[in-house]
>>> print(open('work00.pdb').read())   # PDB, C-alpha atoms
MODEL        1
ATOM      1  CA  MET A  21     208.450 106.755 139.619
ATOM      2  CA  LYS A  22     205.362 105.014 138.259
ATOM      3  CA  ARG A  23     203.328 106.202 141.257
ATOM      4  CA  PHE A  24     204.568 109.751 140.669
ATOM      5  CA  ILE A  25     203.509 109.620 137.007
ATOM      6  CA  TRP A  26     200.066 108.342 137.987
ATOM      7  CA  LEU A  27     199.754 111.097 140.597
ATOM      8  CA  LEU A  28     200.807 113.736 138.087
ATOM      9  CA  THR A  29     198.354 112.349 135.534
ATOM     10  CA  GLY A  30     195.555 112.423 138.102
ATOM     11  CA  LEU A  31     196.273 116.030 139.070
ATOM     12  CA  LEU A  32     196.333 117.054 135.420
ATOM     13  CA  ALA A  33     193.006 115.314 134.812
ATOM     14  CA  LEU A  34     191.517 117.051 137.851
ATOM     15  CA  PHE A  35     192.784 120.415 136.602
ATOM     16  CA  LEU A  36     191.287 119.816 133.177
ATOM     17  CA  LEU A  37     187.973 118.760 134.746
ATOM     18  CA  VAL A  38     187.799 121.917 136.861
ATOM     19  CA  SER A  39     188.790 124.049 133.878
ATOM     20  CA  CYS A  40     186.079 122.514 131.755
ATOM     21  CA  THR A  41     183.362 122.866 134.385
ATOM     22  CA  GLN A  42     184.200 126.483 135.309
ATOM     23  CA  PRO A  43     182.524 128.733 132.719
ATOM     24  CA  GLU A  44     184.274 131.751 131.352
ATOM     25  CA  PRO A  45     183.392 134.899 133.315
ATOM     26  CA  ASP A  46     180.742 137.179 131.867
ATOM     27  CA  GLN A  47     182.305 140.306 130.391
ATOM     28  CA  VAL A  48     180.226 143.169 131.749
ATOM     29  CA  THR A  49     180.531 146.952 131.458
ATOM     30  CA  ILE A  50     178.841 149.547 133.642
ATOM     31  CA  GLN A  51     178.511 153.155 132.455
ATOM     32  CA  LEU A  52     178.542 155.678 135.305
ATOM     33  CA  LYS A  53     176.503 158.877 135.101
ATOM     34  CA  TRP A  54     179.451 161.132 135.909
ATOM     35  CA  LEU A  55     183.176 161.261 136.638
ATOM     36  CA  HIS A  56     184.711 158.989 139.262
ATOM     37  CA  SER A  57     183.782 159.952 142.826
ATOM     38  CA  ALA A  58     182.541 158.469 146.102
ATOM     39  CA  GLN A  59     179.091 158.592 144.496
ATOM     40  CA  PHE A  60     180.001 155.222 142.937
ATOM     41  CA  ALA A  61     182.122 153.818 145.770
ATOM     42  CA  GLY A  62     179.945 150.723 146.123
ATOM     43  CA  VAL A  63     180.853 149.637 142.598
ATOM     44  CA  TYR A  64     184.572 150.252 143.122
ATOM     45  CA  ILE A  65     184.794 148.351 146.375
ATOM     46  CA  ALA A  66     182.673 145.474 145.056
ATOM     47  CA  GLN A  67     185.278 145.066 142.342
ATOM     48  CA  GLU A  68     188.190 145.405 144.772
ATOM     49  CA  GLN A  69     186.718 142.926 147.268
ATOM     50  CA  GLY A  70     186.089 140.385 144.519
ATOM     51  CA  PHE A  71     182.297 140.407 144.795
ATOM     52  CA  TYR A  72     181.873 140.532 141.016
ATOM     53  CA  ALA A  73     184.481 137.818 140.553
ATOM     54  CA  GLU A  74     182.583 135.613 143.007
ATOM     55  CA  GLU A  75     179.550 136.028 140.737
ATOM     56  CA  ASN A  76     181.711 135.037 137.740
ATOM     57  CA  ILE A  77     181.631 138.572 136.354
ATOM     58  CA  GLU A  78     184.602 140.450 134.938
ATOM     59  CA  LEU A  79     183.654 144.106 135.196
ATOM     60  CA  THR A  80     184.766 147.161 133.219
ATOM     61  CA  ILE A  81     183.851 150.522 134.774
ATOM     62  CA  LYS A  82     183.397 153.468 132.425
ATOM     63  CA  PRO A  83     183.218 156.975 133.916
ATOM     64  CA  GLY A  84     180.705 159.492 132.656
ATOM     65  CA  GLY A  85     181.324 163.144 131.926
ATOM     66  CA  PHE A  86     182.127 164.540 128.526
ATOM     67  CA  GLY A  87     182.761 162.583 125.349
ATOM     68  CA  GLU A  88     183.411 163.625 121.767
ATOM     69  CA  ASP A  89     179.778 164.679 121.318
ATOM     70  CA  GLY A  90     179.267 166.408 124.662
ATOM     71  CA  VAL A  91     177.922 164.923 127.887
ATOM     72  CA  ILE A  92     177.817 161.124 127.716
ATOM     73  CA  ASN A  93     174.226 159.904 127.580
ATOM     74  CA  VAL A  94     174.122 156.781 129.728
ATOM     75  CA  VAL A  95     170.895 155.483 128.176
ATOM     76  CA  ASP A  96     172.439 155.684 124.711
ATOM     77  CA  GLU A  97     175.510 153.771 125.914
ATOM     78  CA  VAL A  98     173.400 150.950 127.335
ATOM     79  CA  MET A  99     170.900 150.820 124.488
ATOM     80  CA  SER A 100     173.702 150.649 121.917
ATOM     81  CA  GLY A 101     175.401 147.769 123.714
ATOM     82  CA  GLN A 102     178.455 149.770 124.767
ATOM     83  CA  ALA A 103     177.533 148.852 128.351
ATOM     84  CA  GLU A 104     175.239 146.237 129.867
ATOM     85  CA  PHE A 105     174.374 148.353 132.902
ATOM     86  CA  GLY A 106     174.252 152.049 133.678
ATOM     87  CA  ILE A 107     173.566 154.531 136.462
ATOM     88  CA  TRP A 108     171.199 157.368 135.546
ATOM     89  CA  SER A 109     168.499 159.481 137.173
ATOM     90  CA  GLY A 110     164.892 158.352 137.577
ATOM     91  CA  ASP A 111     163.398 161.276 135.654
ATOM     92  CA  SER A 112     165.753 160.659 132.715
ATOM     93  CA  LEU A 113     164.816 156.974 132.609
ATOM     94  CA  LEU A 114     161.129 157.882 132.607
ATOM     95  CA  ARG A 115     161.620 160.198 129.660
ATOM     96  CA  ALA A 116     163.663 157.566 127.828
ATOM     97  CA  SER A 117     160.881 155.042 128.396
ATOM     98  CA  SER A 118     158.295 157.512 127.051
ATOM     99  CA  GLU A 119     160.390 157.737 123.875
ATOM    100  CA  GLY A 120     160.227 153.984 123.392
ATOM    101  CA  GLN A 121     163.590 153.057 124.898
ATOM    102  CA  PRO A 122     163.279 149.635 126.623
ATOM    103  CA  VAL A 123     165.043 150.633 129.842
ATOM    104  CA  LYS A 124     164.527 148.682 133.053
ATOM    105  CA  ALA A 125     165.398 150.125 136.481
ATOM    106  CA  ILE A 126     166.645 147.378 138.802
ATOM    107  CA  SER A 127     167.933 149.168 141.921
ATOM    108  CA  ALA A 128     167.852 152.640 143.484
ATOM    109  CA  ILE A 129     171.234 153.464 145.016
ATOM    110  CA  PHE A 130     170.342 156.804 146.605
ATOM    111  CA  GLN A 131     166.979 156.544 148.346
ATOM    112  CA  ILE A 132     166.947 160.262 149.135
ATOM    113  CA  ASN A 133     167.895 162.689 146.379
ATOM    114  CA  PRO A 134     170.837 164.858 147.530
ATOM    115  CA  THR A 135     169.699 167.973 145.623
ATOM    116  CA  ALA A 136     169.536 170.966 147.964
ATOM    117  CA  TYR A 137     169.090 174.757 147.946
ATOM    118  CA  PHE A 138     171.415 176.368 150.423
ATOM    119  CA  SER A 139     172.316 179.836 151.631
ATOM    120  CA  LEU A 140     174.530 181.544 154.179
ATOM    121  CA  ALA A 141     172.887 181.303 157.598
ATOM    122  CA  GLU A 142     173.077 185.095 158.001
ATOM    123  CA  ASN A 143     170.479 185.459 155.217
ATOM    124  CA  ASN A 144     167.812 183.657 157.319
ATOM    125  CA  ILE A 145     166.440 181.607 154.403
ATOM    126  CA  GLU A 146     165.184 178.532 156.202
ATOM    127  CA  THR A 147     162.030 177.340 154.396
ATOM    128  CA  PRO A 148     160.684 177.405 150.814
ATOM    129  CA  ALA A 149     158.461 180.369 151.768
ATOM    130  CA  ASP A 150     161.631 182.376 152.456
ATOM    131  CA  LEU A 151     162.678 181.990 148.808
ATOM    132  CA  ALA A 152     160.151 184.602 147.652
ATOM    133  CA  GLY A 153     161.955 187.487 145.957
ATOM    134  CA  LYS A 154     165.346 185.830 146.340
ATOM    135  CA  ARG A 155     168.121 185.441 143.780
ATOM    136  CA  ILE A 156     168.716 181.731 143.165
ATOM    137  CA  ALA A 157     171.509 180.146 141.152
ATOM    138  CA  SER A 158     169.892 177.139 139.528
ATOM    139  CA  ALA A 159     169.837 175.239 136.274
ATOM    140  CA  ASN A 160     167.066 176.291 133.897
ATOM    141  CA  GLY A 161     164.004 174.075 134.050
ATOM    142  CA  ASN A 162     165.088 172.627 137.386
ATOM    143  CA  LEU A 163     162.428 170.079 138.359
ATOM    144  CA  PHE A 164     163.421 170.178 142.002
ATOM    145  CA  LEU A 165     163.079 173.951 142.286
ATOM    146  CA  HIS A 166     159.562 173.831 140.854
ATOM    147  CA  SER A 167     158.547 171.289 143.508
ATOM    148  CA  VAL A 168     160.168 173.208 146.360
ATOM    149  CA  LEU A 169     158.492 176.465 145.341
ATOM    150  CA  HIS A 170     155.136 174.784 144.803
ATOM    151  CA  SER A 171     155.180 173.461 148.379
ATOM    152  CA  SER A 172     154.771 177.069 149.579
ATOM    153  CA  GLY A 173     152.495 178.273 146.812
ATOM    154  CA  LEU A 174     155.309 179.987 144.922
ATOM    155  CA  THR A 175     156.335 179.790 141.268
ATOM    156  CA  ILE A 176     159.398 180.696 139.251
ATOM    157  CA  ASP A 177     157.839 184.142 138.755
ATOM    158  CA  ASN A 178     158.328 184.806 142.485
ATOM    159  CA  ILE A 179     162.118 184.489 142.339
ATOM    160  CA  GLU A 180     165.096 185.600 140.228
ATOM    161  CA  ILE A 181     167.014 182.840 138.445
ATOM    162  CA  PHE A 182     170.764 183.213 137.963
ATOM    163  CA  PRO A 183     173.014 180.860 135.971
ATOM    164  CA  LEU A 184     174.552 177.988 137.924
ATOM    165  CA  GLU A 185     178.349 177.791 137.785
ATOM    166  CA  SER A 186     180.986 175.540 139.308
ATOM    167  CA  ASP A 187     182.480 178.474 141.226
ATOM    168  CA  MET A 188     180.293 179.332 144.246
ATOM    169  CA  THR A 189     181.876 182.767 144.793
ATOM    170  CA  PRO A 190     178.640 184.602 143.812
ATOM    171  CA  LEU A 191     176.937 182.992 146.816
ATOM    172  CA  LEU A 192     179.760 183.813 149.186
ATOM    173  CA  ASN A 193     180.083 187.456 148.135
ATOM    174  CA  GLY A 194     176.334 188.114 148.115
ATOM    175  CA  GLU A 195     175.685 188.355 144.380
ATOM    176  CA  VAL A 196     173.038 185.632 144.796
ATOM    177  CA  ASP A 197     171.124 184.530 147.869
ATOM    178  CA  VAL A 198     170.715 180.800 147.250
ATOM    179  CA  TRP A 199     172.746 178.134 145.448
ATOM    180  CA  SER A 200     171.600 174.739 144.208
ATOM    181  CA  GLY A 201     173.815 171.692 144.506
ATOM    182  CA  TYR A 202     174.290 168.332 146.170
ATOM    183  CA  LEU A 203     174.156 167.842 149.926
ATOM    184  CA  THR A 204     177.007 165.368 149.484
ATOM    185  CA  GLU A 205     179.265 167.713 147.525
ATOM    186  CA  GLN A 206     178.827 171.493 147.554
ATOM    187  CA  VAL A 207     177.094 171.682 150.942
ATOM    188  CA  ALA A 208     179.586 169.316 152.566
ATOM    189  CA  ARG A 209     182.485 171.281 151.070
ATOM    190  CA  LEU A 210     181.349 174.705 152.329
ATOM    191  CA  GLU A 211     180.524 173.380 155.792
ATOM    192  CA  ALA A 212     183.977 171.791 155.977
ATOM    193  CA  GLU A 213     185.440 175.203 155.134
ATOM    194  CA  GLY A 214     183.625 176.699 158.115
ATOM    195  CA  TYR A 215     180.612 178.349 156.499
ATOM    196  CA  GLU A 216     177.326 178.204 158.397
ATOM    197  CA  LEU A 217     174.530 177.317 156.007
ATOM    198  CA  ASN A 218     170.785 176.949 155.937
ATOM    199  CA  VAL A 219     169.841 174.000 153.745
ATOM    200  CA  ILE A 220     166.528 173.237 152.054
ATOM    201  CA  LEU A 221     166.618 169.602 150.950
ATOM    202  CA  ALA A 222     164.377 169.263 147.896
ATOM    203  CA  TYR A 223     163.289 165.765 148.916
ATOM    204  CA  ASP A 224     161.745 167.163 152.124
ATOM    205  CA  TYR A 225     159.389 169.269 150.021
ATOM    206  CA  GLY A 226     158.015 166.719 147.599
ATOM    207  CA  ALA A 227     160.790 166.450 145.014
ATOM    208  CA  PHE A 228     160.654 162.651 145.015
ATOM    209  CA  ILE A 229     163.005 161.793 142.169
ATOM    210  CA  TYR A 230     165.608 159.042 142.392
ATOM    211  CA  SER A 231     169.028 160.451 141.548
ATOM    212  CA  ASP A 232     171.090 157.281 140.983
ATOM    213  CA  ILE A 233     169.267 154.325 139.467
ATOM    214  CA  LEU A 234     171.018 151.134 138.398
ATOM    215  CA  PHE A 235     169.404 150.058 135.137
ATOM    216  CA  THR A 236     169.772 147.796 132.142
ATOM    217  CA  THR A 237     167.673 146.859 129.127
ATOM    218  CA  ASP A 238     164.377 145.030 129.325
ATOM    219  CA  ASN A 239     165.850 142.538 126.854
ATOM    220  CA  LEU A 240     168.675 141.587 129.219
ATOM    221  CA  VAL A 241     166.234 141.141 132.091
ATOM    222  CA  GLN A 242     164.096 138.853 129.943
ATOM    223  CA  GLU A 243     166.884 136.914 128.250
ATOM    224  CA  ASN A 244     169.493 136.648 131.015
ATOM    225  CA  PRO A 245     167.902 137.290 134.426
ATOM    226  CA  ASP A 246     170.613 135.189 136.067
ATOM    227  CA  LEU A 247     173.311 137.659 134.989
ATOM    228  CA  VAL A 248     171.209 140.600 136.160
ATOM    229  CA  GLU A 249     170.624 138.943 139.517
ATOM    230  CA  ARG A 250     174.323 138.198 139.999
ATOM    231  CA  PHE A 251     175.329 141.713 138.992
ATOM    232  CA  VAL A 252     172.827 143.396 141.308
ATOM    233  CA  ARG A 253     173.787 141.087 144.171
ATOM    234  CA  ALA A 254     177.487 141.928 143.810
ATOM    235  CA  THR A 255     176.780 145.657 143.477
ATOM    236  CA  MET A 256     174.557 145.839 146.550
ATOM    237  CA  ARG A 257     177.098 143.794 148.521
ATOM    238  CA  GLY A 258     179.565 146.465 147.522
ATOM    239  CA  TRP A 259     177.322 149.209 148.855
ATOM    240  CA  GLU A 260     176.694 147.325 152.097
ATOM    241  CA  TYR A 261     180.454 147.023 152.547
ATOM    242  CA  ALA A 262     181.034 150.673 151.639
ATOM    243  CA  LEU A 263     178.456 151.917 154.148
ATOM    244  CA  ALA A 264     179.974 149.800 156.914
ATOM    245  CA  ASN A 265     183.560 150.707 155.958
ATOM    246  CA  PRO A 266     183.562 154.278 154.573
ATOM    247  CA  ASP A 267     187.324 154.682 154.927
ATOM    248  CA  GLU A 268     187.921 151.614 152.765
ATOM    249  CA  ALA A 269     185.347 152.902 150.279
ATOM    250  CA  VAL A 270     187.280 156.159 149.975
ATOM    251  CA  ALA A 271     190.544 154.250 149.524
ATOM    252  CA  ALA A 272     188.967 152.139 146.755
ATOM    253  CA  THR A 273     187.779 155.312 145.018
ATOM    254  CA  LEU A 274     191.277 156.790 145.180
ATOM    255  CA  LYS A 275     192.691 153.654 143.569
ATOM    256  CA  ILE A 276     190.308 154.184 140.661
ATOM    257  CA  ASP A 277     191.342 157.843 140.318
ATOM    258  CA  PRO A 278     194.391 158.902 142.388
ATOM    259  CA  SER A 279     193.944 162.531 141.275
ATOM    260  CA  LEU A 280     190.871 162.941 143.512
ATOM    261  CA  ASP A 281     191.068 164.775 146.828
ATOM    262  CA  GLU A 282     190.886 162.388 149.765
ATOM    263  CA  ALA A 283     189.303 164.862 152.196
ATOM    264  CA  SER A 284     186.563 165.697 149.685
ATOM    265  CA  LEU A 285     185.866 162.011 149.120
ATOM    266  CA  GLU A 286     185.610 161.412 152.865
ATOM    267  CA  ARG A 287     183.051 164.221 153.242
ATOM    268  CA  GLU A 288     181.068 162.982 150.253
ATOM    269  CA  MET A 289     181.055 159.388 151.457
ATOM    270  CA  ARG A 290     179.918 160.184 154.982
ATOM    271  CA  ALA A 291     177.219 162.579 153.764
ATOM    272  CA  SER A 292     175.937 159.880 151.393
ATOM    273  CA  ILE A 293     175.414 157.170 154.013
ATOM    274  CA  PRO A 294     171.994 158.335 155.360
ATOM    275  CA  LEU A 295     170.812 159.036 151.806
ATOM    276  CA  ILE A 296     171.577 155.474 150.672
ATOM    277  CA  ASP A 297     170.643 153.560 153.812
ATOM    278  CA  ALA A 298     167.421 155.398 154.596
ATOM    279  CA  GLY A 299     165.656 152.689 156.585
ATOM    280  CA  GLN A 300     164.307 150.596 153.710
ATOM    281  CA  SER A 301     164.080 146.836 154.251
ATOM    282  CA  ALA A 302     166.750 146.197 151.610
ATOM    283  CA  LEU A 303     169.338 148.442 149.972
ATOM    284  CA  GLY A 304     168.240 149.443 146.502
ATOM    285  CA  LEU A 305     164.545 148.718 147.021
ATOM    286  CA  MET A 306     162.356 151.090 144.982
ATOM    287  CA  ASP A 307     159.169 152.734 146.211
ATOM    288  CA  ASP A 308     156.065 152.939 144.026
ATOM    289  CA  THR A 309     155.171 156.354 145.454
ATOM    290  CA  ILE A 310     158.467 157.904 144.415
ATOM    291  CA  TRP A 311     158.115 156.689 140.832
ATOM    292  CA  GLU A 312     154.508 157.896 140.691
ATOM    293  CA  THR A 313     155.504 161.308 142.085
ATOM    294  CA  THR A 314     158.380 161.608 139.614
ATOM    295  CA  GLN A 315     155.968 160.927 136.791
ATOM    296  CA  SER A 316     153.529 163.557 138.104
ATOM    297  CA  ILE A 317     156.325 166.140 138.348
ATOM    298  CA  LEU A 318     157.358 165.476 134.741
ATOM    299  CA  ILE A 319     153.776 165.786 133.520
ATOM    300  CA  GLU A 320     153.261 169.023 135.467
ATOM    301  CA  ASN A 321     156.389 170.460 133.857
ATOM    302  CA  GLU A 322     155.279 169.282 130.386
ATOM    303  CA  LEU A 323     158.237 166.929 130.066
ATOM    304  CA  LEU A 324     155.956 163.926 129.784
ATOM    305  CA  GLU A 325     152.754 163.954 127.760
ATOM    306  CA  ALA A 326     150.850 161.199 129.525
ATOM    307  CA  PRO A 327     151.290 158.636 132.319
ATOM    308  CA  LEU A 328     153.234 155.479 131.538
ATOM    309  CA  ASP A 329     152.723 151.949 132.768
ATOM    310  CA  LEU A 330     155.375 152.131 135.486
ATOM    311  CA  THR A 331     155.356 148.369 135.990
ATOM    312  CA  THR A 332     157.234 148.086 132.686
ATOM    313  CA  LEU A 333     159.871 150.607 133.787
ATOM    314  CA  TYR A 334     161.194 149.140 137.019
ATOM    315  CA  THR A 335     161.307 145.953 139.047
ATOM    316  CA  ASN A 336     162.285 145.077 142.624
ATOM    317  CA  GLU A 337     162.711 141.384 141.861
ATOM    318  CA  PHE A 338     166.511 141.601 142.106
ATOM    319  CA  VAL A 339     166.673 143.550 145.386
ATOM    320  CA  ALA A 340     163.627 142.259 147.285
ATOM    321  CA  PRO A 341     164.562 141.193 150.855
TER
ENDMDL
END
>>> encode(input="work00.pdb", output="structure tokens")
Amino acid sequence: MKRFIWLLTGLLALFLLVSCTQPEPDQVTIQLKWLHSAQFAGVYIAQEQGFYAEENIELTIKPGGFGEDGVINVVDEVMSGQAEFGIWSGDSLLRASSEGQPVKAISAIFQINPTAYFSLAENNIETPADLAGKRIASANGNLFLHSVLHSSGLTIDNIEIFPLESDMTPLLNGEVDVWSGYLTEQVARLEAEGYELNVILAYDYGAFIYSDILFTTDNLVQENPDLVERFVRATMRGWEYALANPDEAVAATLKIDPSLDEASLEREMRASIPLIDAGQSALGLMDDTIWETTQSILIENELLEAPLDLTTLYTNEFVAP
């Protein structure tokens, strides 16, 4: 009995020692740029596989979309402390930085922007030069369209702009000639439905703008680089796993939001793989040229008054191979 009591006491002491030496997990929130989809599968599967837990992080994932005051601004959420990390576009982060917001880009998820201009193959619109005189459904002030047109010496004055809607019927019934959307979503959906399309990928014509950037505040990078490093490491492990196991990535996404369509998620995930793993030496690594081109595009479109010191906007220190 005495030996049993000593053994029990020893086990209790060991438990208390482990409990005291194991720090409480960091409570971290990430704000996504849009609603749940395979676009963020790397985050979901990193959580499911325990990659964040292994880094002593307890993660809350907040979807984007619409809030009480309209579309959720991811920069505002991070700057206000509602989230420690966010996913937002490169051009939006540049503009936020120009307004004095201390944002810091720490990883580029999509290396190639999925924005595309597509048409029914029967219309024979294959290159930017073929867009002259065409009716294009696109968002007003579309940075990508300006770059695509410029590559062939065209301007907005050479085309007709129509409002962009969620319903692509105007493209299919011939009311417009070209539609703008994501290679991973709208293009993949129509091709799966049997439509033959011609696709002009904006990236191929100089629209070098990162679409999904993982970012935080400059203050967090300066004050707690260890947390940033652990978070980025877990997130990129998630993306590595998702790219190698797309079916599991889709399943993890469905667990986050069971209302999503599995077939659509599968198409989106598979179309995303070459845009994320585009031959760079490390997933998430950012290219100076892309940031410089993004800045030039913003200045040309009068969305940025003057060049910024880009070294203050982004860092590769957390994703360098």
>>> closest_residue(input="work00.pdb", among="A:Trp259, A:Phe60, A:Tyr223, A:Phe71", to="Tyr202 of chain A", atoms="only C-alpha atoms")
A:Tyr223
>>> resolve_selection(input="work00.pdb", expression="the PyMOL selection byres ((chain A and resi 239-244) around 9)", output="VMD selection string")
chain A and resid 104 122 to 124 236 to 238 245 to 249
>>> residues_around(input="work00.pdb", residues="Gln315 of chain A", least_positions_apart="2", cutoff="9 Å", atoms="only C-alpha atoms", output="PyMOL selection string")
chain A and resi 111+114+229+310-313+317-320+324+326-328+330
>>> residues_around(input="work00.pdb", residues="Asn265 of chain A", least_positions_apart="4", cutoff="12 Å", atoms="all atoms listed in the file", output="VMD selection string")
chain A and resid 61 to 62 65 258 to 261 269 to 272 286 289 to 290 293
>>> atom_distance(input="work00.pdb", atom1="atom CA of Leu113 of chain A", atom2="atom CA of Ala125 of chain A")
7.9 Å
>>> resolve_selection(input="work00.pdb", expression="the PyMOL selection byres ((chain A and resi 250) around 12)", output="MDAnalysis selection string")
chainID A and resid 45:46 48 71:78 241 244:249 251:257 338:339
>>> residues_around(input="work00.pdb", residues="Thr135 of chain A", least_positions_apart="3", cutoff="8 Å", atoms="all atoms listed in the file", output="JSON list (two decimals) with C-alpha atoms, in the coordinates of the input")
[["chain", "number", "residue", "atom", "x", "y", "z"],
["A", 164, "PHE", "CA", 163.42, 170.18, 142.00],
["A", 200, "SER", "CA", 171.60, 174.74, 144.21],
["A", 201, "GLY", "CA", 173.82, 171.69, 144.51],
["A", 202, "TYR", "CA", 174.29, 168.33, 146.17],
["A", 203, "LEU", "CA", 174.16, 167.84, 149.93],
["A", 221, "LEU", "CA", 166.62, 169.60, 150.95],
["A", 222, "ALA", "CA", 164.38, 169.26, 147.90],
["A", 223, "TYR", "CA", 163.29, 165.76, 148.92]]
>>> residues_near_point(input="work00.pdb", point="(167.4, 184.3, 155.9)", cutoff="12 Å", atoms="all atoms listed in the file", output="PDB file with C-alpha atoms, in the frame of the given file")
ATOM      1  CA  PHE A 138     171.415 176.368 150.423  1.00  0.00           C
ATOM      2  CA  SER A 139     172.316 179.836 151.631  1.00  0.00           C
ATOM      3  CA  LEU A 140     174.530 181.544 154.179  1.00  0.00           C
ATOM      4  CA  ALA A 141     172.887 181.303 157.598  1.00  0.00           C
ATOM      5  CA  GLU A 142     173.077 185.095 158.001  1.00  0.00           C
ATOM      6  CA  ASN A 143     170.479 185.459 155.217  1.00  0.00           C
ATOM      7  CA  ASN A 144     167.812 183.657 157.319  1.00  0.00           C
ATOM      8  CA  ILE A 145     166.440 181.607 154.403  1.00  0.00           C
ATOM      9  CA  GLU A 146     165.184 178.532 156.202  1.00  0.00           C
ATOM     10  CA  THR A 147     162.030 177.340 154.396  1.00  0.00           C
ATOM     11  CA  PRO A 148     160.684 177.405 150.814  1.00  0.00           C
ATOM     12  CA  ALA A 149     158.461 180.369 151.768  1.00  0.00           C
ATOM     13  CA  ASP A 150     161.631 182.376 152.456  1.00  0.00           C
ATOM     14  CA  LEU A 151     162.678 181.990 148.808  1.00  0.00           C
ATOM     15  CA  ALA A 152     160.151 184.602 147.652  1.00  0.00           C
ATOM     16  CA  GLY A 153     161.955 187.487 145.957  1.00  0.00           C
ATOM     17  CA  LYS A 154     165.346 185.830 146.340  1.00  0.00           C
ATOM     18  CA  ASP A 197     171.124 184.530 147.869  1.00  0.00           C
ATOM     19  CA  VAL A 198     170.715 180.800 147.250  1.00  0.00           C
ATOM     20  CA  GLU A 216     177.326 178.204 158.397  1.00  0.00           C
ATOM     21  CA  LEU A 217     174.530 177.317 156.007  1.00  0.00           C
ATOM     22  CA  ASN A 218     170.785 176.949 155.937  1.00  0.00           C
ATOM     23  CA  VAL A 219     169.841 174.000 153.745  1.00  0.00           C
ATOM     24  CA  ILE A 220     166.528 173.237 152.054  1.00  0.00           C
TER      25      ILE A 220
END
>>> closest_residue(input="work00.pdb", among="A:Asn93, A:Gln102, A:Ser118, A:Asn178", to="Trp54 of chain A", atoms="all atoms listed in the file")
A:Asn93
>>> closest_residue(input="work00.pdb", among="A:Leu323, A:Leu55, A:Ile156, A:Ala298", to="Ser279 of chain A", atoms="all atoms listed in the file")
A:Leu55
>>> closest_residue(input="work00.pdb", among="A:Ile276, A:Val95, A:Ala208, A:Leu333", to="Asp308 of chain A", atoms="all atoms listed in the file")
A:Leu333
>>> closest_residue(input="work00.pdb", among="A:Arg209, A:Lys82, A:Arg155, A:His56", to="Ala291 of chain A", atoms="all atoms listed in the file")
A:Arg209
>>> atom_distance(input="work00.pdb", atom1="atom CA of Ser292 of chain A", atom2="atom CA of Pro134 of chain A")
8.1 Å
>>> closest_residue(input="work00.pdb", among="A:Pro43, A:Gly120, A:Pro294, A:Gly85", to="Met99 of chain A", atoms="all atoms listed in the file")
A:Gly120
>>> atom_distance(input="work00.pdb", atom1="atom CA of Leu305 of chain A", atom2="atom CA of Glu268 of chain A")
24.2 Å
